[in-house]
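Colleague: Input: one structure, supplied below.
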Amino acid sequence: MRRLLVAGLACALVVPTAMARTIPSPNQRPAPGNEEPQTPIAEAGYSNHVNYELQCAGCHLGDGMGSKANDVPRMKDFVGNFLKVEGGREFLIRVPGMSMSALNDAQLASLVNWLMRPDGMAGASVPEHFKPFTREEVAAVRHKAMLNLPGTRAKLIAQMRTQGIEINDGMDD
Ligand code: HEC
C-alpha cells in the first residue's frame with residue numbers, strides 16, 4: 001500500500017513535467033508560402049491611408065467618426081480645430097494613439113498632414129494657414145509624456161469654446 005502511494009506520488013510529479021512543451025515549438029515551420037519574415041510597418045512604405053487603416057481605424061473608424069460608446073472622439077470635420085488653440089498642435093502628436101503607434105516620426109508627420117488636407121478627415125476645421133508637420137517636429141514632442149490627458153484635452157476644448165468654435169467632437173451628444 002505504501003509503495004503504491006509512493007509510486008502514485010511519483011507519477012503525479014513526473015507527468016506534468018513530461019507533458020510540458022515549449023510554445024511555440026522549436027520545430028514549428030511557417031506555413032507554405034509564408035516563409036518571409038514580416039516587414040515592420042515602420043519600414044513597409046505603405047500609404048497614409050493604409051497606415052491609418054492599420055493603426056488608427058480600429059478606434060477612430062474608417063471615416064474618422066469615432067465612437068462615443070468607446071470614448072473615441074470624432075475627428076471628421078473637427079480635429080483641425082486643435083490647431084487653433086494654444087498647445088493644440090502639440091497635443092495632436094502627443095495623444096497615445098499617435099505617439100505610441102508603430103509608425104516612425106516621418107510617417108506620423110505625413111499621416112497627420114494627410115488628416116489635415118482640405119479634402120481629408122479634418123475638412124474645413126483646419127485653419128487657413130496650416131503649416132504642415134515635419135518629421136523633426138514630431139520627433140521633438142512625441143516622447144513628452146502627457147500626465148493628465150483628459151484635463152489637457154478639456155482645457156483645449158474650453159479654449160475653443162471661448163473662440164466660439166462649435167464643439168463637434170461627438171462626445172456630448
Ligand atoms: C486604442 C484606440 C485608439 C487608437 C488605435 C488610436 N486612437 Fe487616436 N484617440 C483615441 C482616443 C480615446 C482619443 C481621445 C484622447 C485620448 O483619450 O487619448 C484619441 C485622440 C486622438 C487625436 C486628438 C483628437 C481629439 O479629439 O482628442 C488624434 C489627432 C488622434 N487620436 C489620431 C490618431 C491617429 C492618427 C491614430 C493612428 C496612428 C490613432 N489616433 C490611434 C483612441 C485611439
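Naming scheme: A, B, ... for chains in displayed order of the C-alpha cells; residues 1 onward per chain; ligands 1 onward as shown.
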Please check which protein, DNA or RNA residues sit within 6 Å of ligand 1, counting only C-alpha atoms and all ligand atoms, and write them as a VMD selection string.

Modeller: chain A and resid 52 55 to 56 58 to 59 71 to 73 79 92 95 to 98 101

Colleague: Pull the alpha helix (DSSP H) assignments for stretch 133-162 of chain A out of DSSP run on the backbone, and list those residues as a list in words.

Modeller: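 Across stretch 133-162 of chain A, those assigned alpha helix (DSSP H) are Arg135, Glu136, Glu137, Val138, Ala139, Ala140, Val141, Arg142, Leu149, Pro150, Gly151, Thr152, Arg153, Ala154, Lys155, Leu156, Ile157, Ala158, Gln159, Met160, Arg161 and Thr162 of chain A.
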
Colleague: Please provide the set of residues having any atom within 9 Å of stretch 161-169 of chain A, restricted to only C-alpha atoms, with same-chain residues fewer than 3 positions apart removed, written as a PDB file with all heavy atoms, in the first residue's frame.

Modeller:
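Contents of the output file selection28.pdb:
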```
ATOM      1  N   MET A  65     -15.170  59.018 -37.680  1.00  0.00           N
ATOM      2  CA  MET A  65     -16.337  59.426 -36.876  1.00  0.00           C
ATOM      3  C   MET A  65     -16.178  59.055 -35.398  1.00  0.00           C
ATOM      4  O   MET A  65     -16.924  59.535 -34.555  1.00  0.00           O
ATOM      5  CB  MET A  65     -17.624  58.795 -37.427  1.00  0.00           C
ATOM      6  CG  MET A  65     -18.110  59.437 -38.710  1.00  0.00           C
ATOM      7  SD  MET A  65     -18.506  61.198 -38.520  1.00  0.00           S
ATOM      8  CE  MET A  65     -20.091  61.114 -37.689  1.00  0.00           C
ATOM      9  N   GLY A  66     -15.239  58.179 -35.087  1.00  0.00           N
ATOM     10  CA  GLY A  66     -15.032  57.797 -33.690  1.00  0.00           C
ATOM     11  C   GLY A  66     -16.239  57.073 -33.117  1.00  0.00           C
ATOM     12  O   GLY A  66     -17.124  56.639 -33.857  1.00  0.00           O
ATOM     13  N   PRO A  73     -13.165  60.291 -29.622  1.00  0.00           N
ATOM     14  CA  PRO A  73     -13.792  61.479 -30.205  1.00  0.00           C
ATOM     15  C   PRO A  73     -13.836  61.446 -31.727  1.00  0.00           C
ATOM     16  O   PRO A  73     -13.067  60.735 -32.365  1.00  0.00           O
ATOM     17  CB  PRO A  73     -12.905  62.631 -29.729  1.00  0.00           C
ATOM     18  CG  PRO A  73     -11.710  62.046 -29.105  1.00  0.00           C
ATOM     19  CD  PRO A  73     -11.892  60.571 -28.975  1.00  0.00           C
ATOM     20  N   ARG A  74     -14.710  62.247 -32.252  1.00  0.00           N
ATOM     21  CA  ARG A  74     -14.854  62.355 -33.699  1.00  0.00           C
ATOM     22  C   ARG A  74     -13.740  63.243 -34.246  1.00  0.00           C
ATOM     23  O   ARG A  74     -13.496  64.336 -33.718  1.00  0.00           O
ATOM     24  CB  ARG A  74     -16.226  62.990 -33.962  1.00  0.00           C
ATOM     25  CG  ARG A  74     -16.431  63.445 -35.366  1.00  0.00           C
ATOM     26  CD  ARG A  74     -17.810  64.082 -35.501  1.00  0.00           C
ATOM     27  NE  ARG A  74     -17.895  64.659 -36.842  1.00  0.00           N
ATOM     28  CZ  ARG A  74     -19.028  64.850 -37.483  1.00  0.00           C
ATOM     29  NH1 ARG A  74     -20.176  64.534 -36.916  1.00  0.00           N
ATOM     30  NH2 ARG A  74     -19.022  65.380 -38.676  1.00  0.00           N
ATOM     31  N   MET A  75     -13.039  62.778 -35.273  1.00  0.00           N
ATOM     32  CA  MET A  75     -12.018  63.615 -35.914  1.00  0.00           C
ATOM     33  C   MET A  75     -12.604  64.322 -37.130  1.00  0.00           C
ATOM     34  O   MET A  75     -12.185  65.403 -37.493  1.00  0.00           O
ATOM     35  CB  MET A  75     -10.821  62.759 -36.349  1.00  0.00           C
ATOM     36  CG  MET A  75      -9.991  62.261 -35.198  1.00  0.00           C
ATOM     37  SD  MET A  75      -8.283  61.983 -35.660  1.00  0.00           S
ATOM     38  CE  MET A  75      -8.375  60.389 -36.441  1.00  0.00           C
ATOM     39  N   LYS A  76     -13.569  63.652 -37.759  1.00  0.00           N
ATOM     40  CA  LYS A  76     -14.100  64.164 -39.022  1.00  0.00           C
ATOM     41  C   LYS A  76     -14.660  65.584 -38.846  1.00  0.00           C
ATOM     42  O   LYS A  76     -15.478  65.819 -37.965  1.00  0.00           O
ATOM     43  CB  LYS A  76     -15.199  63.227 -39.531  1.00  0.00           C
ATOM     44  CG  LYS A  76     -15.654  63.579 -40.917  1.00  0.00           C
ATOM     45  CD  LYS A  76     -16.419  62.449 -41.565  1.00  0.00           C
ATOM     46  CE  LYS A  76     -17.072  62.879 -42.865  1.00  0.00           C
ATOM     47  NZ  LYS A  76     -16.186  63.582 -43.799  1.00  0.00           N
ATOM     48  N   ASP A  77     -14.187  66.483 -39.670  1.00  0.00           N
ATOM     49  CA  ASP A  77     -14.628  67.893 -39.695  1.00  0.00           C
ATOM     50  C   ASP A  77     -14.434  68.596 -38.349  1.00  0.00           C
ATOM     51  O   ASP A  77     -15.077  69.604 -38.076  1.00  0.00           O
ATOM     52  CB  ASP A  77     -16.108  68.005 -40.125  1.00  0.00           C
ATOM     53  CG  ASP A  77     -16.316  67.473 -41.533  1.00  0.00           C
ATOM     54  OD1 ASP A  77     -15.417  67.660 -42.368  1.00  0.00           O
ATOM     55  OD2 ASP A  77     -17.376  66.863 -41.776  1.00  0.00           O
ATOM     56  N   PHE A  78     -13.606  68.040 -37.486  1.00  0.00           N
ATOM     57  CA  PHE A  78     -13.396  68.686 -36.189  1.00  0.00           C
ATOM     58  C   PHE A  78     -11.930  68.800 -35.776  1.00  0.00           C
ATOM     59  O   PHE A  78     -11.499  69.808 -35.210  1.00  0.00           O
ATOM     60  CB  PHE A  78     -14.167  67.940 -35.079  1.00  0.00           C
ATOM     61  CG  PHE A  78     -13.981  68.573 -33.737  1.00  0.00           C
ATOM     62  CD1 PHE A  78     -14.602  69.782 -33.431  1.00  0.00           C
ATOM     63  CD2 PHE A  78     -13.138  68.007 -32.780  1.00  0.00           C
ATOM     64  CE1 PHE A  78     -14.387  70.400 -32.218  1.00  0.00           C
ATOM     65  CE2 PHE A  78     -12.918  68.622 -31.559  1.00  0.00           C
ATOM     66  CZ  PHE A  78     -13.554  69.830 -31.282  1.00  0.00           C
ATOM     67  N   VAL A  79     -11.148  67.775 -36.050  1.00  0.00           N
ATOM     68  CA  VAL A  79      -9.818  67.656 -35.438  1.00  0.00           C
ATOM     69  C   VAL A  79      -8.905  68.847 -35.770  1.00  0.00           C
ATOM     70  O   VAL A  79      -8.022  69.199 -34.972  1.00  0.00           O
ATOM     71  CB  VAL A  79      -9.183  66.294 -35.790  1.00  0.00           C
ATOM     72  CG1 VAL A  79      -8.711  66.224 -37.235  1.00  0.00           C
ATOM     73  CG2 VAL A  79      -8.032  65.963 -34.857  1.00  0.00           C
ATOM     74  N   ASN A  81      -9.521  71.861 -35.499  1.00  0.00           N
ATOM     75  CA  ASN A  81      -9.709  72.947 -34.534  1.00  0.00           C
ATOM     76  C   ASN A  81      -8.623  72.970 -33.461  1.00  0.00           C
ATOM     77  O   ASN A  81      -8.365  74.015 -32.864  1.00  0.00           O
ATOM     78  CB  ASN A  81     -11.090  72.840 -33.862  1.00  0.00           C
ATOM     79  CG  ASN A  81     -12.205  73.208 -34.822  1.00  0.00           C
ATOM     80  OD1 ASN A  81     -12.103  74.202 -35.543  1.00  0.00           O
ATOM     81  ND2 ASN A  81     -13.251  72.413 -34.848  1.00  0.00           N
ATOM     82  N   LYS A  84      -6.022  75.598 -33.715  1.00  0.00           N
ATOM     83  CA  LYS A  84      -6.394  76.997 -33.492  1.00  0.00           C
ATOM     84  C   LYS A  84      -6.182  77.425 -32.047  1.00  0.00           C
ATOM     85  O   LYS A  84      -6.395  78.577 -31.703  1.00  0.00           O
ATOM     86  CB  LYS A  84      -7.866  77.208 -33.875  1.00  0.00           C
ATOM     87  CG  LYS A  84      -8.158  76.908 -35.344  1.00  0.00           C
ATOM     88  CD  LYS A  84      -9.660  76.998 -35.628  1.00  0.00           C
ATOM     89  CE  LYS A  84      -9.949  76.609 -37.074  1.00  0.00           C
ATOM     90  NZ  LYS A  84     -11.378  76.309 -37.300  1.00  0.00           N
ATOM     91  N   VAL A  85      -5.838  76.496 -31.168  1.00  0.00           N
ATOM     92  CA  VAL A  85      -5.690  76.840 -29.745  1.00  0.00           C
ATOM     93  C   VAL A  85      -4.278  76.526 -29.260  1.00  0.00           C
ATOM     94  O   VAL A  85      -3.609  75.633 -29.789  1.00  0.00           O
ATOM     95  CB  VAL A  85      -6.738  76.088 -28.880  1.00  0.00           C
ATOM     96  CG1 VAL A  85      -8.145  76.570 -29.210  1.00  0.00           C
ATOM     97  CG2 VAL A  85      -6.642  74.577 -29.056  1.00  0.00           C
ATOM     98  N   LEU A 156      -8.136  72.444 -23.787  1.00  0.00           N
ATOM     99  CA  LEU A 156      -8.079  72.825 -25.209  1.00  0.00           C
ATOM    100  C   LEU A 156      -9.496  73.057 -25.747  1.00  0.00           C
ATOM    101  O   LEU A 156      -9.745  74.019 -26.480  1.00  0.00           O
ATOM    102  CB  LEU A 156      -7.365  71.743 -26.024  1.00  0.00           C
ATOM    103  CG  LEU A 156      -5.892  71.512 -25.659  1.00  0.00           C
ATOM    104  CD1 LEU A 156      -5.346  70.281 -26.366  1.00  0.00           C
ATOM    105  CD2 LEU A 156      -5.041  72.734 -26.004  1.00  0.00           C
ATOM    106  N   ILE A 157     -10.408  72.193 -25.340  1.00  0.00           N
ATOM    107  CA  ILE A 157     -11.800  72.339 -25.780  1.00  0.00           C
ATOM    108  C   ILE A 157     -12.381  73.650 -25.215  1.00  0.00           C
ATOM    109  O   ILE A 157     -13.080  74.381 -25.906  1.00  0.00           O
ATOM    110  CB  ILE A 157     -12.657  71.115 -25.326  1.00  0.00           C
ATOM    111  CG1 ILE A 157     -12.143  69.826 -25.984  1.00  0.00           C
ATOM    112  CG2 ILE A 157     -14.137  71.329 -25.586  1.00  0.00           C
ATOM    113  CD1 ILE A 157     -12.458  69.636 -27.458  1.00  0.00           C
ATOM    114  N   ALA A 158     -12.030  73.943 -23.941  1.00  0.00           N
ATOM    115  CA  ALA A 158     -12.522  75.194 -23.333  1.00  0.00           C
ATOM    116  C   ALA A 158     -11.997  76.403 -24.112  1.00  0.00           C
ATOM    117  O   ALA A 158     -12.734  77.369 -24.345  1.00  0.00           O
ATOM    118  CB  ALA A 158     -12.093  75.256 -21.865  1.00  0.00           C
ATOM    119  N   ASP A 172     -20.459  64.886 -26.626  1.00  0.00           N
ATOM    120  CA  ASP A 172     -21.527  65.394 -25.752  1.00  0.00           C
ATOM    121  C   ASP A 172     -22.920  64.948 -26.171  1.00  0.00           C
ATOM    122  O   ASP A 172     -23.830  64.950 -25.373  1.00  0.00           O
ATOM    123  CB  ASP A 172     -21.494  66.923 -25.711  1.00  0.00           C
ATOM    124  CG  ASP A 172     -20.218  67.407 -25.022  1.00  0.00           C
ATOM    125  OD1 ASP A 172     -19.798  66.710 -24.085  1.00  0.00           O
ATOM    126  OD2 ASP A 172     -19.669  68.437 -25.439  1.00  0.00           O
ATOM    127  N   ASP A 173     -23.046  64.609 -27.455  1.00  0.00           N
ATOM    128  CA  ASP A 173     -24.416  64.324 -27.896  1.00  0.00           C
ATOM    129  C   ASP A 173     -24.749  62.839 -27.804  1.00  0.00           C
ATOM    130  O   ASP A 173     -23.974  62.028 -27.325  1.00  0.00           O
ATOM    131  CB  ASP A 173     -24.647  64.839 -29.319  1.00  0.00           C
ATOM    132  CG  ASP A 173     -23.537  64.405 -30.276  1.00  0.00           C
ATOM    133  OD1 ASP A 173     -23.083  63.251 -30.196  1.00  0.00           O
ATOM    134  OD2 ASP A 173     -23.117  65.236 -31.076  1.00  0.00           O
TER     135      ASP A 173
END
```

Colleague: So which one's closest to A:Leu111, A:Pro40, A:Pro150, A:Pro132, A:Gly87? Using only C-alpha atoms, please.

Modeller: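 Answer, going by the shortest atom-to-atom distance: A:Pro132.
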
Colleague: Calculated over only C-alpha atoms, which of the candidates A:Val141, A:Ala106, A:Ile93, A:Leu83 has the smallest distance to A:Ala122?

Modeller: A:Leu83

Colleague: Quick one: of A:Ile23, A:Val6, A:Ala139, A:Met171, who's nearest to A:Leu108, counting only C-alpha atoms?

Modeller: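 Among A:Ile23, A:Val6, A:Ala139, A:Met171, it is A:Ala139 that comes nearest to A:Leu108.
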
Colleague: Would you work out the distance separating atom CA of A:Thr39 from atom CA of A:Ser110, expressed in Å to one decimal?

Modeller: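 Interatomic distance here is 19.6 Å.
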